[in-house]
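Visitor: My structure file my_file-v3.pdb, PDB, C-alpha atoms, is below:
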```pdb
ATOM      1  CA  MET M   1      36.047 121.995  43.224
ATOM      2  CA  SER M   2      37.623 124.269  45.804
ATOM      3  CA  THR M   3      34.159 125.565  46.704
ATOM      4  CA  PHE M   4      33.392 122.166  48.259
ATOM      5  CA  ARG M   5      36.421 122.079  50.582
ATOM      6  CA  PRO M   6      34.685 123.994  53.436
ATOM      7  CA  LEU M   7      31.928 121.378  53.396
ATOM      8  CA  ALA M   8      34.302 118.411  53.621
ATOM      9  CA  PRO M   9      34.897 118.509  57.407
ATOM     10  CA  ALA M  10      31.180 118.891  58.032
ATOM     11  CA  LEU M  11      30.391 115.980  55.715
ATOM     12  CA  CYS M  12      32.935 113.775  57.485
ATOM     13  CA  LEU M  13      31.502 114.723  60.867
ATOM     14  CA  VAL M  14      27.945 113.968  59.744
ATOM     15  CA  LEU M  15      29.001 110.608  58.303
ATOM     16  CA  ALA M  16      30.980 109.730  61.411
ATOM     17  CA  LEU M  17      28.133 110.657  63.745
ATOM     18  CA  THR M  18      25.609 108.828  61.586
ATOM     19  CA  ALA M  19      27.759 105.716  61.544
ATOM     20  CA  CYS M  20      28.039 105.752  65.321
ATOM     21  CA  THR M  21      24.322 105.719  66.046
ATOM     22  CA  GLU M  22      22.394 102.550  66.652
ATOM     23  CA  ALA M  23      19.569 103.091  64.203
ATOM     24  CA  GLU M  24      18.411  99.483  63.983
ATOM     25  CA  PRO M  25      19.511  97.471  67.027
ATOM     26  CA  ALA M  26      17.083  94.635  66.230
ATOM     27  CA  ALA M  27      18.677  94.133  62.793
ATOM     28  CA  VAL M  28      21.763  92.515  64.326
ATOM     29  CA  PRO M  29      20.580  89.861  66.773
ATOM     30  CA  ASP M  30      23.376  87.768  68.217
ATOM     31  CA  THR M  31      21.982  84.779  70.014
ATOM     32  CA  THR M  32      24.341  82.136  68.660
ATOM     33  CA  GLY M  33      27.714  83.572  69.698
ATOM     34  CA  PRO M  34      30.682  84.206  67.411
ATOM     35  CA  THR M  35      30.286  83.018  63.835
ATOM     36  CA  SER M  36      33.679  83.916  62.395
ATOM     37  CA  ALA M  37      36.157  81.282  61.324
ATOM     38  CA  ALA M  38      38.406  82.279  64.203
ATOM     39  CA  GLY M  39      35.587  81.527  66.635
ATOM     40  CA  SER M  40      37.267  83.075  69.657
ATOM     41  CA  VAL M  41      38.464  86.437  70.858
ATOM     42  CA  PRO M  42      42.153  87.092  70.092
ATOM     43  CA  ALA M  43      44.608  87.570  72.978
ATOM     44  CA  ASP M  44      44.511  91.375  72.600
ATOM     45  CA  GLY M  45      40.811  91.351  73.593
ATOM     46  CA  SER M  46      39.392  92.483  70.257
ATOM     47  CA  PRO M  47      36.783  90.285  68.594
ATOM     48  CA  VAL M  48      38.479  90.626  65.192
ATOM     49  CA  SER M  49      42.010  89.407  64.579
ATOM     50  CA  ALA M  50      44.647  91.685  63.088
ATOM     51  CA  LYS M  51      44.834  89.332  60.115
ATOM     52  CA  GLU M  52      41.097  89.795  59.429
ATOM     53  CA  VAL M  53      41.356  93.591  59.707
ATOM     54  CA  CYS M  54      44.309  93.648  57.326
ATOM     55  CA  ALA M  55      42.541  91.409  54.817
ATOM     56  CA  TYR M  56      39.536  93.740  54.917
ATOM     57  CA  LEU M  57      41.700  96.844  54.449
ATOM     58  CA  ASP M  58      43.604  95.186  51.583
ATOM     59  CA  GLY M  59      40.279  94.688  49.845
ATOM     60  CA  GLN M  60      39.342  98.343  50.362
ATOM     61  CA  VAL M  61      42.483  99.815  48.750
ATOM     62  CA  PRO M  62      41.170  99.674  45.140
ATOM     63  CA  THR M  63      37.910 101.358  46.184
ATOM     64  CA  LEU M  64      39.718 104.085  48.106
ATOM     65  CA  LYS M  65      42.069 104.700  45.163
ATOM     66  CA  GLY M  66      39.078 104.954  42.822
ATOM     67  CA  ILE M  67      37.408 107.645  44.916
ATOM     68  CA  GLY M  68      40.122 110.118  44.007
ATOM     69  CA  SER M  69      39.903 112.479  46.979
ATOM     70  CA  GLU M  70      41.173 112.186  50.525
ATOM     71  CA  THR M  71      37.908 113.495  51.958
ATOM     72  CA  GLY M  72      35.834 111.025  49.971
ATOM     73  CA  ALA M  73      38.190 108.190  50.875
ATOM     74  CA  MET M  74      38.019 109.128  54.570
ATOM     75  CA  ALA M  75      34.220 109.242  54.509
ATOM     76  CA  ASN M  76      34.038 105.906  52.679
ATOM     77  CA  LEU M  77      36.547 104.293  55.026
ATOM     78  CA  THR M  78      34.749 105.613  58.114
ATOM     79  CA  VAL M  79      31.344 104.293  57.127
ATOM     80  CA  ASN M  80      32.451 100.993  55.612
ATOM     81  CA  LEU M  81      35.004 100.094  58.278
ATOM     82  CA  TYR M  82      32.513 100.832  61.047
ATOM     83  CA  SER M  83      29.833  98.780  59.308
ATOM     84  CA  TRP M  84      32.247  95.895  58.776
ATOM     85  CA  TYR M  85      33.319  95.914  62.435
ATOM     86  CA  GLU M  86      29.730  96.191  63.639
ATOM     87  CA  LYS M  87      28.937  92.914  61.849
ATOM     88  CA  GLN M  88      31.873  91.242  63.623
ATOM     89  CA  GLY M  89      30.975  92.377  67.138
ATOM     90  CA  PRO M  90      32.097  95.334  69.258
ATOM     91  CA  VAL M  91      33.718  98.149  67.288
ATOM     92  CA  PRO M  92      37.237  98.894  68.585
ATOM     93  CA  ASN M  93      38.577 102.399  68.973
ATOM     94  CA  GLY M  94      41.077 103.865  66.526
ATOM     95  CA  ARG M  95      44.045 103.173  68.781
ATOM     96  CA  GLU M  96      43.228  99.457  68.816
ATOM     97  CA  ILE M  97      42.978  99.415  65.019
ATOM     98  CA  ASP M  98      46.296 101.256  64.815
ATOM     99  CA  ASP M  99      47.958  98.732  67.122
ATOM    100  CA  GLN M 100      46.684  95.750  65.141
ATOM    101  CA  THR M 101      47.567  97.134  61.729
ATOM    102  CA  ARG M 102      51.017  98.383  62.781
ATOM    103  CA  LYS M 103      51.913  94.830  63.800
ATOM    104  CA  GLU M 104      50.175  92.807  61.076
ATOM    105  CA  CYS M 105      50.165  94.926  57.906
ATOM    106  CA  PRO M 106      52.153  98.168  58.212
ATOM    107  CA  ALA M 107      52.343  98.689  54.419
ATOM    108  CA  THR M 108      48.568  98.347  53.964
ATOM    109  CA  ARG M 109      47.962 100.574  56.986
ATOM    110  CA  THR M 110      50.215 103.271  55.546
ATOM    111  CA  GLU M 111      48.554 103.104  52.132
ATOM    112  CA  VAL M 112      44.996 103.233  53.493
ATOM    113  CA  LEU M 113      45.775 106.127  55.827
ATOM    114  CA  LYS M 114      47.542 108.030  53.040
ATOM    115  CA  LEU M 115      44.585 107.574  50.683
ATOM    116  CA  ALA M 116      42.265 108.903  53.410
ATOM    117  CA  GLY M 117      44.570 111.791  54.313
ATOM    118  CA  MET M 118      45.061 110.577  57.877
ATOM    119  CA  GLU M 119      47.988 109.729  60.112
ATOM    120  CA  SER M 120      46.078 107.358  62.364
ATOM    121  CA  PHE M 121      42.827 105.426  62.648
ATOM    122  CA  GLU M 122      42.180 107.445  65.806
ATOM    123  CA  ARG M 123      40.957 110.190  63.491
ATOM    124  CA  LEU M 124      37.970 108.092  62.423
TER
END
```
Translate the structure of the given file into structure tokens.

Guide:
Amino acid sequence: MSTFRPLAPALCLVLALTACTEAEPAAVPDTTGPTSAAGSVPADGSPVSAKEVCAYLDGQVPTLKGIGSETGAMANLTVNLYSWYEKQGPVPNGREIDDQTRKECPATRTEVLKLAGMESFERL
């Protein structure tokens, strides 16, 4: 397995860059406004509440544990978290995710970051 380690950073970069492109802008039309249960933008300016982010991350923990490698977990988290946010509205930067999760679910944040081999969501 050690022969794959040099490829891991490149794979993560490719996945991150792929996730950040707008391949199908017409696939996500938003003509009706917010459709989440919250219905409004939280006071911190993000379209997704900290509670929603934490609930999503809680649900991802079993998947990340099952992957078995930090690199795989990071790649999975990068793609899936971005996709999840994209469906909610604007995708926040890593610092905003860090701020929300530090306040709302520090234990989940720590576990997810540890599984992905990261210290912060800014790395995504």

Visitor: Quick one: residues within 12 Å of M:Gln60, all atoms listed in the file, excluding same-chain residues fewer than 2 positions away - as a list in words?

Guide: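 Everything that qualifies: Val53, Cys54, Ala55, Tyr56, Leu57, Asp58, Pro62, Thr63, Leu64, Lys65, Gly66, Ile67, Ala73, Met74, Asn76, Leu77, Thr78, Asn80, Leu81, Trp84, Thr108, Arg109, Glu111, Val112, Leu113, Leu115 and Ala116 of chain M.
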
Visitor: Please report the interatomic distance between atom CA of M:Glu122 and atom CA of M:Arg95 in Å with one decimal.

Guide: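 Going from atom CA of M:Glu122 over to atom CA of M:Arg95, I get 5.5 Å.
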
Visitor: Just to confirm, what's the straight-line distance from atom CA of M:Glu104 to atom CA of M:Gly72 in Å (one decimal)?

Guide: 25.7 Å

Visitor: Using all atoms listed in the file, can you tell me which of M:Ser69, M:Ile97, M:Ser83, M:Met118 comes closest to M:Ser49?

Guide: M:Ile97

Visitor: What is the distance between atom CA of M:Ala75 and atom CA of M:Phe121, in Å to one decimal?

Guide: 12.4 Å

Visitor: Which one is closest to M:Cys105: M:Pro47, M:Glu52, M:Glu119, M:Asn93? Count only C-alpha atoms.

Guide: M:Glu52

Visitor: Measuring atom to atom with only C-alpha atoms, identify which of M:Pro106, M:Gln100, M:Ser120, M:Val79 is nearest to M:Lys51.

Guide: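 Counting only C-alpha atoms, the residue closest to M:Lys51 is M:Gln100.
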
Visitor: Draw an axis-aligned box tight on the listed atoms of stretch 73-79 of chain M, then pad every side by 4 Å and write out centre and edge lengths in Å to one decimal as JSON.

Guide:
```
{"center_x": 34.8, "center_y": 106.8, "center_z": 54.5, "size_x": 14.8, "size_y": 12.9, "size_z": 15.2}
```

Visitor: Any chance you could build stretch 108-119 of chain M out to all heavy atoms and write it as an mmCIF file, in the frame of the given file?

Guide:
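Just written: rebuild_18.cif:
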```
data_model
loop_
_atom_site.group_PDB
_atom_site.id
_atom_site.type_symbol
_atom_site.label_atom_id
_atom_site.label_comp_id
_atom_site.auth_asym_id
_atom_site.auth_seq_id
_atom_site.Cartn_x
_atom_site.Cartn_y
_atom_site.Cartn_z
ATOM 1 N N THR M 108 49.977 98.100 54.278
ATOM 2 C CA THR M 108 48.568 98.347 53.964
ATOM 3 C C THR M 108 48.044 99.493 54.807
ATOM 4 O O THR M 108 47.331 100.372 54.306
ATOM 5 C CB THR M 108 47.729 97.079 54.212
ATOM 6 O OG1 THR M 108 48.187 96.054 53.337
ATOM 7 C CG2 THR M 108 46.250 97.331 53.976
ATOM 8 N N ARG M 109 48.385 99.505 56.084
ATOM 9 C CA ARG M 109 47.962 100.574 56.986
ATOM 10 C C ARG M 109 48.405 101.926 56.443
ATOM 11 O O ARG M 109 47.609 102.861 56.344
ATOM 12 C CB ARG M 109 48.559 100.348 58.374
ATOM 13 C CG ARG M 109 48.268 101.462 59.354
ATOM 14 C CD ARG M 109 48.991 101.207 60.700
ATOM 15 N NE ARG M 109 48.629 102.229 61.640
ATOM 16 C CZ ARG M 109 49.222 103.429 61.693
ATOM 17 N NH1 ARG M 109 50.186 103.735 60.869
ATOM 18 N NH2 ARG M 109 48.820 104.320 62.580
ATOM 19 N N THR M 110 49.673 102.020 56.068
ATOM 20 C CA THR M 110 50.215 103.271 55.546
ATOM 21 C C THR M 110 49.482 103.706 54.288
ATOM 22 O O THR M 110 49.121 104.876 54.139
ATOM 23 C CB THR M 110 51.724 103.112 55.259
ATOM 24 O OG1 THR M 110 52.389 102.802 56.491
ATOM 25 C CG2 THR M 110 52.318 104.377 54.671
ATOM 26 N N GLU M 111 49.229 102.772 53.388
ATOM 27 C CA GLU M 111 48.554 103.104 52.132
ATOM 28 C C GLU M 111 47.124 103.578 52.372
ATOM 29 O O GLU M 111 46.683 104.583 51.811
ATOM 30 C CB GLU M 111 48.558 101.906 51.180
ATOM 31 C CG GLU M 111 47.986 102.226 49.828
ATOM 32 C CD GLU M 111 48.153 101.114 48.810
ATOM 33 O OE1 GLU M 111 48.494 99.976 49.195
ATOM 34 O OE2 GLU M 111 47.930 101.379 47.618
ATOM 35 N N VAL M 112 46.385 102.865 53.209
ATOM 36 C CA VAL M 112 44.996 103.233 53.493
ATOM 37 C C VAL M 112 44.932 104.610 54.152
ATOM 38 O O VAL M 112 44.129 105.461 53.760
ATOM 39 C CB VAL M 112 44.316 102.161 54.380
ATOM 40 C CG1 VAL M 112 43.006 102.661 54.957
ATOM 41 C CG2 VAL M 112 44.101 100.885 53.591
ATOM 42 N N LEU M 113 45.782 104.837 55.142
ATOM 43 C CA LEU M 113 45.775 106.127 55.827
ATOM 44 C C LEU M 113 46.163 107.261 54.879
ATOM 45 O O LEU M 113 45.579 108.349 54.929
ATOM 46 C CB LEU M 113 46.693 106.087 57.046
ATOM 47 C CG LEU M 113 46.208 105.201 58.193
ATOM 48 C CD1 LEU M 113 47.255 105.140 59.296
ATOM 49 C CD2 LEU M 113 44.876 105.670 58.743
ATOM 50 N N LYS M 114 47.126 107.000 54.003
ATOM 51 C CA LYS M 114 47.542 108.030 53.040
ATOM 52 C C LYS M 114 46.396 108.365 52.085
ATOM 53 O O LYS M 114 46.131 109.536 51.814
ATOM 54 C CB LYS M 114 48.758 107.547 52.254
ATOM 55 C CG LYS M 114 49.273 108.572 51.273
ATOM 56 C CD LYS M 114 50.503 108.070 50.545
ATOM 57 C CE LYS M 114 50.959 109.110 49.529
ATOM 58 N NZ LYS M 114 52.091 108.640 48.746
ATOM 59 N N LEU M 115 45.714 107.347 51.592
ATOM 60 C CA LEU M 115 44.585 107.574 50.683
ATOM 61 C C LEU M 115 43.477 108.396 51.350
ATOM 62 O O LEU M 115 42.793 109.178 50.702
ATOM 63 C CB LEU M 115 44.019 106.240 50.184
ATOM 64 C CG LEU M 115 44.900 105.481 49.192
ATOM 65 C CD1 LEU M 115 44.392 104.049 49.019
ATOM 66 C CD2 LEU M 115 44.967 106.209 47.853
ATOM 67 N N ALA M 116 43.309 108.198 52.669
ATOM 68 C CA ALA M 116 42.265 108.903 53.410
ATOM 69 C C ALA M 116 42.766 110.205 54.027
ATOM 70 O O ALA M 116 42.009 110.888 54.738
ATOM 71 C CB ALA M 116 41.697 107.985 54.489
ATOM 72 N N GLY M 117 44.031 110.546 53.785
ATOM 73 C CA GLY M 117 44.570 111.791 54.313
ATOM 74 C C GLY M 117 44.685 111.824 55.822
ATOM 75 O O GLY M 117 44.513 112.866 56.448
ATOM 76 N N MET M 118 44.986 110.668 56.412
ATOM 77 C CA MET M 118 45.061 110.577 57.877
ATOM 78 C C MET M 118 46.422 110.039 58.305
ATOM 79 O O MET M 118 47.118 109.398 57.525
ATOM 80 C CB MET M 118 43.970 109.633 58.396
ATOM 81 C CG MET M 118 42.580 110.033 58.010
ATOM 82 S SD MET M 118 41.271 108.970 58.691
ATOM 83 C CE MET M 118 41.858 107.322 58.433
ATOM 84 N N GLU M 119 46.764 110.275 59.548
ATOM 85 C CA GLU M 119 47.988 109.729 60.112
ATOM 86 C C GLU M 119 47.700 108.535 61.017
ATOM 87 O O GLU M 119 48.608 107.799 61.370
ATOM 88 C CB GLU M 119 48.727 110.808 60.902
ATOM 89 C CG GLU M 119 49.230 111.942 60.035
ATOM 90 C CD GLU M 119 49.932 113.012 60.828
ATOM 91 O OE1 GLU M 119 50.252 112.791 62.010
ATOM 92 O OE2 GLU M 119 50.165 114.099 60.263
#
```
